[in-house]
Structure formats: C-alpha cells, structure tokens
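J.: Handing you this structure, nothing more for now.
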Amino acid sequence: MKLWEQFDRIVVFDTETTGIDYGRDRIIEIGAVSLEGGAETGGMDLFLRLPEGRRLDPFIVNLTGITEERLEAEGVEDREAARAFADLLEGAERSLIAAYNAQFDLNFLFRLLQPQGLAGVLKKPRFLDAMTVYKDRRDYPHKLENAIAAYHLEDRAVNSHRSLDDARAAALLLEAMAEERDDLERYVDLFGAHPRYGVSGRRIASVTYRPQPYERVRPLYERI
C-alpha cells in the first residue's frame, strides 16, 4: 500500500479503559503491533494497575473480561507501560500511529505519556484513524466488529475488546481497505468528527478535523 512510500514504521494500537472520559478515566490495558513493510516486527500488550482505592465498573469487567484481581496480579505501573510504547517508535525516521477511533485512544495515550515526561514521542509521528476511512467506505454502523465483517476478516480478526486483538484487527483492516482502494495516505492527520457534536476530547494540534456524516457522500479528503 502507498503508506509504505511515506512511512518506515506503522504502530497500530488500542486501549481498554475504565471509562470514556480521558480526563477522569485511565488505561487498564494497552496493546500495539509495530509494522515495517507490512510485516509485524514488534509489539506490546500490558495491563496497568489501578491506583489504590480505584475500582472497575462491572460494565467494563463484562465487556473486556479484565478484572481488578488480574490487574493487580499482572499489571505494571504507568511508567513501564509508557516506556514500552515509546520504545516502539524508537529509531523510526518516518513513523505513523494508527488506531480504530484514534481520537479516543490518542487522548488516553497522551494522558499516559505526559506525566512520565514522554509525551514528546507523539510530536514526530503522523496519525491515521481507521474508523474515519471506514465511515467513508460503508454506511452506519461503524464499530470495529462491523468493519471486520464488512471486509470478511472474521477468520483472521476479532473485536474482543482486548487491546492486542483489536490492534491486530485494525492493522488487518487497514490492509483490506488499501486493497479495496489505496488512498489511505490521504487520511493521514485527517479525522472525521461528529456532524452535530464535533470533536470528542482534546483536539490534536497536527490533526485536521472535518464533520463526517453517517451516510457516505464523498471521501472526507475531497471535502476540505
């Protein structure tokens, strides 16, 4: 795909969190795959311990299967998780960070990296939101599981609400979308926003946001 003409490394990641408010909630699992030339060359999958006294909502436990007991037994501190993600970008001159619903995950990622003095690793990479591309290709609904089904990836990918599974699913989805129409490079640093409510969370300075309707009209990059 044409993205490899621009980038030496693509890091596709996903987070599981205690809720949807990046200012109040926190990451409980972060998973990522590092790709070079289309091949997986590295990755990470870490649980993060909860602060003392913090509890998981039963909805999150049911959705992800992640329990407080597992976080306590297998989780790492924020510093270790932040360093592991930063290491995935180490040495890449031209890097791209991608996710499905990247606006959500990047807000949480920044909140993980910033207190550890590692937010600077996000200054150099460019960003790609696989959900923005998918919304231009297919009508509502637009969950990751819908995209997996639309591109007939069920035998290779699953939307399990576990970070590494979902990151790998997003990576496979990007490949499938590029095979369908290889214009993904035109979505770099271009995110769709809710046509009525606008951008959810903190705006990313390097990203251009444009309202994206639920029905396909024409590619978002043609509406700038």
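Every chain in the structure tokens takes a letter, A first, then B, and so on in the order presented; its residues are numbered from 1, and the ligands are numbered from 1 following the presented order.
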Step one, run DSSP on the backbone; step two, keep only residues of chain A assigned to helix (DSSP H, G or I); then write them as JSON, numbers by chain.
T.: {"A": [3, 4, 5, 6, 58, 59, 60, 61, 62, 63, 64, 68, 69, 70, 71, 72, 73, 74, 78, 79, 80, 81, 82, 83, 84, 85, 86, 87, 88, 89, 102, 103, 104, 105, 106, 107, 108, 109, 110, 111, 112, 113, 114, 115, 116, 119, 120, 121, 122, 130, 131, 132, 133, 134, 135, 136, 137, 144, 145, 146, 147, 148, 149, 150, 163, 164, 165, 166, 167, 168, 169, 170, 171, 172, 173, 174, 175, 176, 177, 178, 179, 180, 184, 185, 186, 187, 220, 221, 222, 223]}
J.: Pick out the residues sitting within 12 Å of Arg138 of chain A, and hand them over as a ChimeraX atom specification; count only C-alpha atoms, and ignore anything fewer than 6 positions along from it in its own chain.
T.: /A:131-132,146-151,177,213-219
J.: Restrict the selected residues to C-alpha atoms and save them as a compact mmCIF listing (two decimals), in the first residue's frame.
T.:
# COMPACT_ATOMS: atom_id res chain seq x y z
CA MET A 131 -12.63 4.48 11.57
CA THR A 132 -12.57 7.72 9.56
CA ASN A 146 -18.86 -4.10 11.71
CA ALA A 147 -15.70 -3.27 9.78
CA ILE A 148 -14.29 -6.76 10.38
CA ALA A 149 -17.48 -8.29 8.99
CA ALA A 150 -17.69 -5.88 6.04
CA TYR A 151 -14.20 -6.88 4.88
CA MET A 177 -9.12 -1.15 2.89
CA PRO A 213 -21.92 12.27 8.21
CA TYR A 214 -23.20 8.77 8.90
CA GLU A 215 -24.00 8.25 5.21
CA ARG A 216 -21.31 8.16 2.57
CA VAL A 217 -21.21 11.26 0.37
CA ARG A 218 -17.69 11.52 -0.98
CA PRO A 219 -14.27 10.94 0.60
J.: List the neighbours of Asp25 of chain A out to 12 Å using only C-alpha atoms; skip same-chain residues closer than 4 positions along the sequence, and give me the result as a PyMOL selection string.
T.: chain A and resi 15-21+50-51+54-57+60+104+107-109+111-112
J.: Contacts between segment 31-35 of chain A and segment 45-64 of chain A, please, where a residue of segment 45-64 of chain A counts if it comes within 12 Å (with only C-alpha atoms); show its shortest atom pair and distance in Å to one decimal, rows by chain and ascending number, as a tab-separated table.
T.:
residue	atom	partner	partner_atom	distance
A:Asp45	CA	A:Gly31	CA	4.2
A:Leu46	CA	A:Gly31	CA	6.5
A:Phe47	CA	A:Gly31	CA	8.8
A:Leu48	CA	A:Gly31	CA	11.1
J.: With only C-alpha atoms as the counted atoms, please give the residues lying no more than 9 Å from Glu68 of chain A, apart from itself and same-chain residues fewer than 2 positions off, as a PyMOL selection string.
T.: chain A and resi 49-50+55-56+61+66+70-73
J.: I'd like to know which of A:Leu63, A:Ala169, A:Ile10, A:Leu184 is closest to Pro125 of chain A, using only C-alpha atoms.
T.: A:Ile10
J.: Rounded to one decimal, what separation in Å do you get between atom CA of Leu153 of chain A and atom CA of Glu185 of chain A?
T.: 22.0 Å
J.: Can you tell me how far atom CA of Ile30 of chain A sits from atom CA of Phe13 of chain A, in Å to one decimal?
T.: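 These two atoms are separated by 7.3 Å.
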J.: Show which residues sit within 12 Å of segment 195-209 of chain A, as a ChimeraX atom specification. Count only C-alpha atoms, and ignore same-chain residues fewer than 6 positions away.
T.: /A:20-24,101-111,122-129,132,186-189,215,220-221,223-224
J.: How would the residues just picked look written out with N, CA and C atoms as a compact mmCIF listing (two decimals), in the first residue's frame?
T.:
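Once written, out_5.txt looks like this:
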# COMPACT_ATOMS: atom_id res chain seq x y z
N ILE A 20 -14.96 6.39 29.46
CA ILE A 20 -14.77 7.12 28.21
C ILE A 20 -14.25 8.54 28.40
N ASP A 21 -14.08 8.98 29.62
CA ASP A 21 -13.61 10.34 29.90
C ASP A 21 -12.10 10.30 30.13
N TYR A 22 -11.33 10.77 29.12
CA TYR A 22 -9.87 10.66 29.23
C TYR A 22 -9.30 11.52 30.35
N GLY A 23 -10.04 12.53 30.80
CA GLY A 23 -9.56 13.37 31.88
C GLY A 23 -9.75 12.75 33.25
N ARG A 24 -10.69 11.81 33.35
CA ARG A 24 -11.01 11.20 34.64
C ARG A 24 -10.67 9.71 34.66
N ASN A 101 -10.82 4.45 15.72
CA ASN A 101 -11.29 5.52 16.60
C ASN A 101 -10.09 6.12 17.32
N ALA A 102 -9.15 6.59 16.53
CA ALA A 102 -7.87 7.07 17.05
C ALA A 102 -8.01 8.27 17.98
N GLN A 103 -9.00 9.11 17.76
CA GLN A 103 -9.17 10.27 18.63
C GLN A 103 -9.31 9.84 20.08
N PHE A 104 -10.10 8.81 20.32
CA PHE A 104 -10.30 8.29 21.68
C PHE A 104 -9.00 7.75 22.24
N ASP A 105 -8.35 6.86 21.51
CA ASP A 105 -7.15 6.20 22.04
C ASP A 105 -5.98 7.16 22.19
N LEU A 106 -5.84 8.11 21.28
CA LEU A 106 -4.73 9.06 21.38
C LEU A 106 -4.90 9.99 22.58
N ASN A 107 -6.13 10.36 22.92
CA ASN A 107 -6.34 11.17 24.12
C ASN A 107 -5.89 10.43 25.36
N PHE A 108 -6.24 9.15 25.45
CA PHE A 108 -5.81 8.36 26.60
C PHE A 108 -4.31 8.11 26.57
N LEU A 109 -3.75 7.89 25.39
CA LEU A 109 -2.31 7.67 25.28
C LEU A 109 -1.54 8.90 25.76
N PHE A 110 -1.97 10.08 25.36
CA PHE A 110 -1.30 11.31 25.81
C PHE A 110 -1.33 11.41 27.33
N ARG A 111 -2.48 11.07 27.92
CA ARG A 111 -2.61 11.15 29.38
C ARG A 111 -1.73 10.13 30.09
N LEU A 122 5.13 11.79 20.72
CA LEU A 122 3.99 11.95 19.82
C LEU A 122 4.15 13.14 18.88
N LYS A 123 5.22 13.90 19.03
CA LYS A 123 5.40 15.09 18.19
C LYS A 123 5.82 14.75 16.76
N LYS A 124 6.64 13.72 16.60
CA LYS A 124 7.18 13.39 15.29
C LYS A 124 6.26 12.54 14.43
N PRO A 125 5.60 11.52 14.99
CA PRO A 125 4.76 10.66 14.15
C PRO A 125 3.56 11.40 13.57
N ARG A 126 3.03 10.83 12.49
CA ARG A 126 1.76 11.27 11.93
C ARG A 126 0.68 10.32 12.43
N PHE A 127 -0.59 10.66 12.19
CA PHE A 127 -1.69 9.89 12.76
C PHE A 127 -2.71 9.47 11.70
N LEU A 128 -3.27 8.29 11.88
CA LEU A 128 -4.28 7.77 10.96
C LEU A 128 -5.39 7.13 11.76
N ASP A 129 -6.63 7.48 11.42
CA ASP A 129 -7.79 6.89 12.08
C ASP A 129 -8.49 5.95 11.12
N THR A 132 -12.26 6.66 10.51
CA THR A 132 -12.57 7.72 9.56
C THR A 132 -12.61 7.16 8.14
N ARG A 186 -4.13 9.70 2.10
CA ARG A 186 -4.86 10.96 2.07
C ARG A 186 -5.64 11.20 3.37
N TYR A 187 -5.71 10.20 4.22
CA TYR A 187 -6.38 10.34 5.52
C TYR A 187 -5.39 10.59 6.66
N VAL A 188 -4.12 10.66 6.36
CA VAL A 188 -3.14 10.91 7.40
C VAL A 188 -3.37 12.30 8.00
N ASP A 189 -3.48 12.35 9.31
CA ASP A 189 -3.75 13.61 10.04
C ASP A 189 -5.07 14.25 9.64
N GLU A 215 -23.87 8.82 6.54
CA GLU A 215 -24.00 8.25 5.21
C GLU A 215 -22.85 8.72 4.34
N LEU A 220 -13.74 12.10 2.64
CA LEU A 220 -13.56 13.26 3.50
C LEU A 220 -12.49 14.20 2.98
N TYR A 221 -11.43 13.64 2.39
CA TYR A 221 -10.34 14.49 1.91
C TYR A 221 -10.77 15.36 0.73
N ARG A 223 -13.57 16.97 0.82
CA ARG A 223 -14.47 17.98 1.41
C ARG A 223 -13.69 19.06 2.15
N ILE A 224 -12.38 19.05 2.05
CA ILE A 224 -11.57 20.07 2.72
C ILE A 224 -11.55 21.34 1.88
J.: DSSP on the backbone, then: every residue of segment 41-222 of chain A marked strand (DSSP E or B), written as a PyMOL selection string.
T.: chain A and resi 41-48+76+95-99+126-129+190-194+198+208-211
J.: Using atom CA of Lys2 of chain A and atom CA of Phe85 of chain A as the two end points, give the distance in Å to one decimal.
T.: 24.9 Å
J.: I need the residue nearest Glu74 of chain A from this list: A:Gln116, A:Glu29, A:Ala99, A:Arg94. Use only C-alpha atoms for the distance.
T.: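 Of A:Gln116, A:Glu29, A:Ala99, A:Arg94, the one nearest Glu74 of chain A, counting only C-alpha atoms, is A:Glu29.
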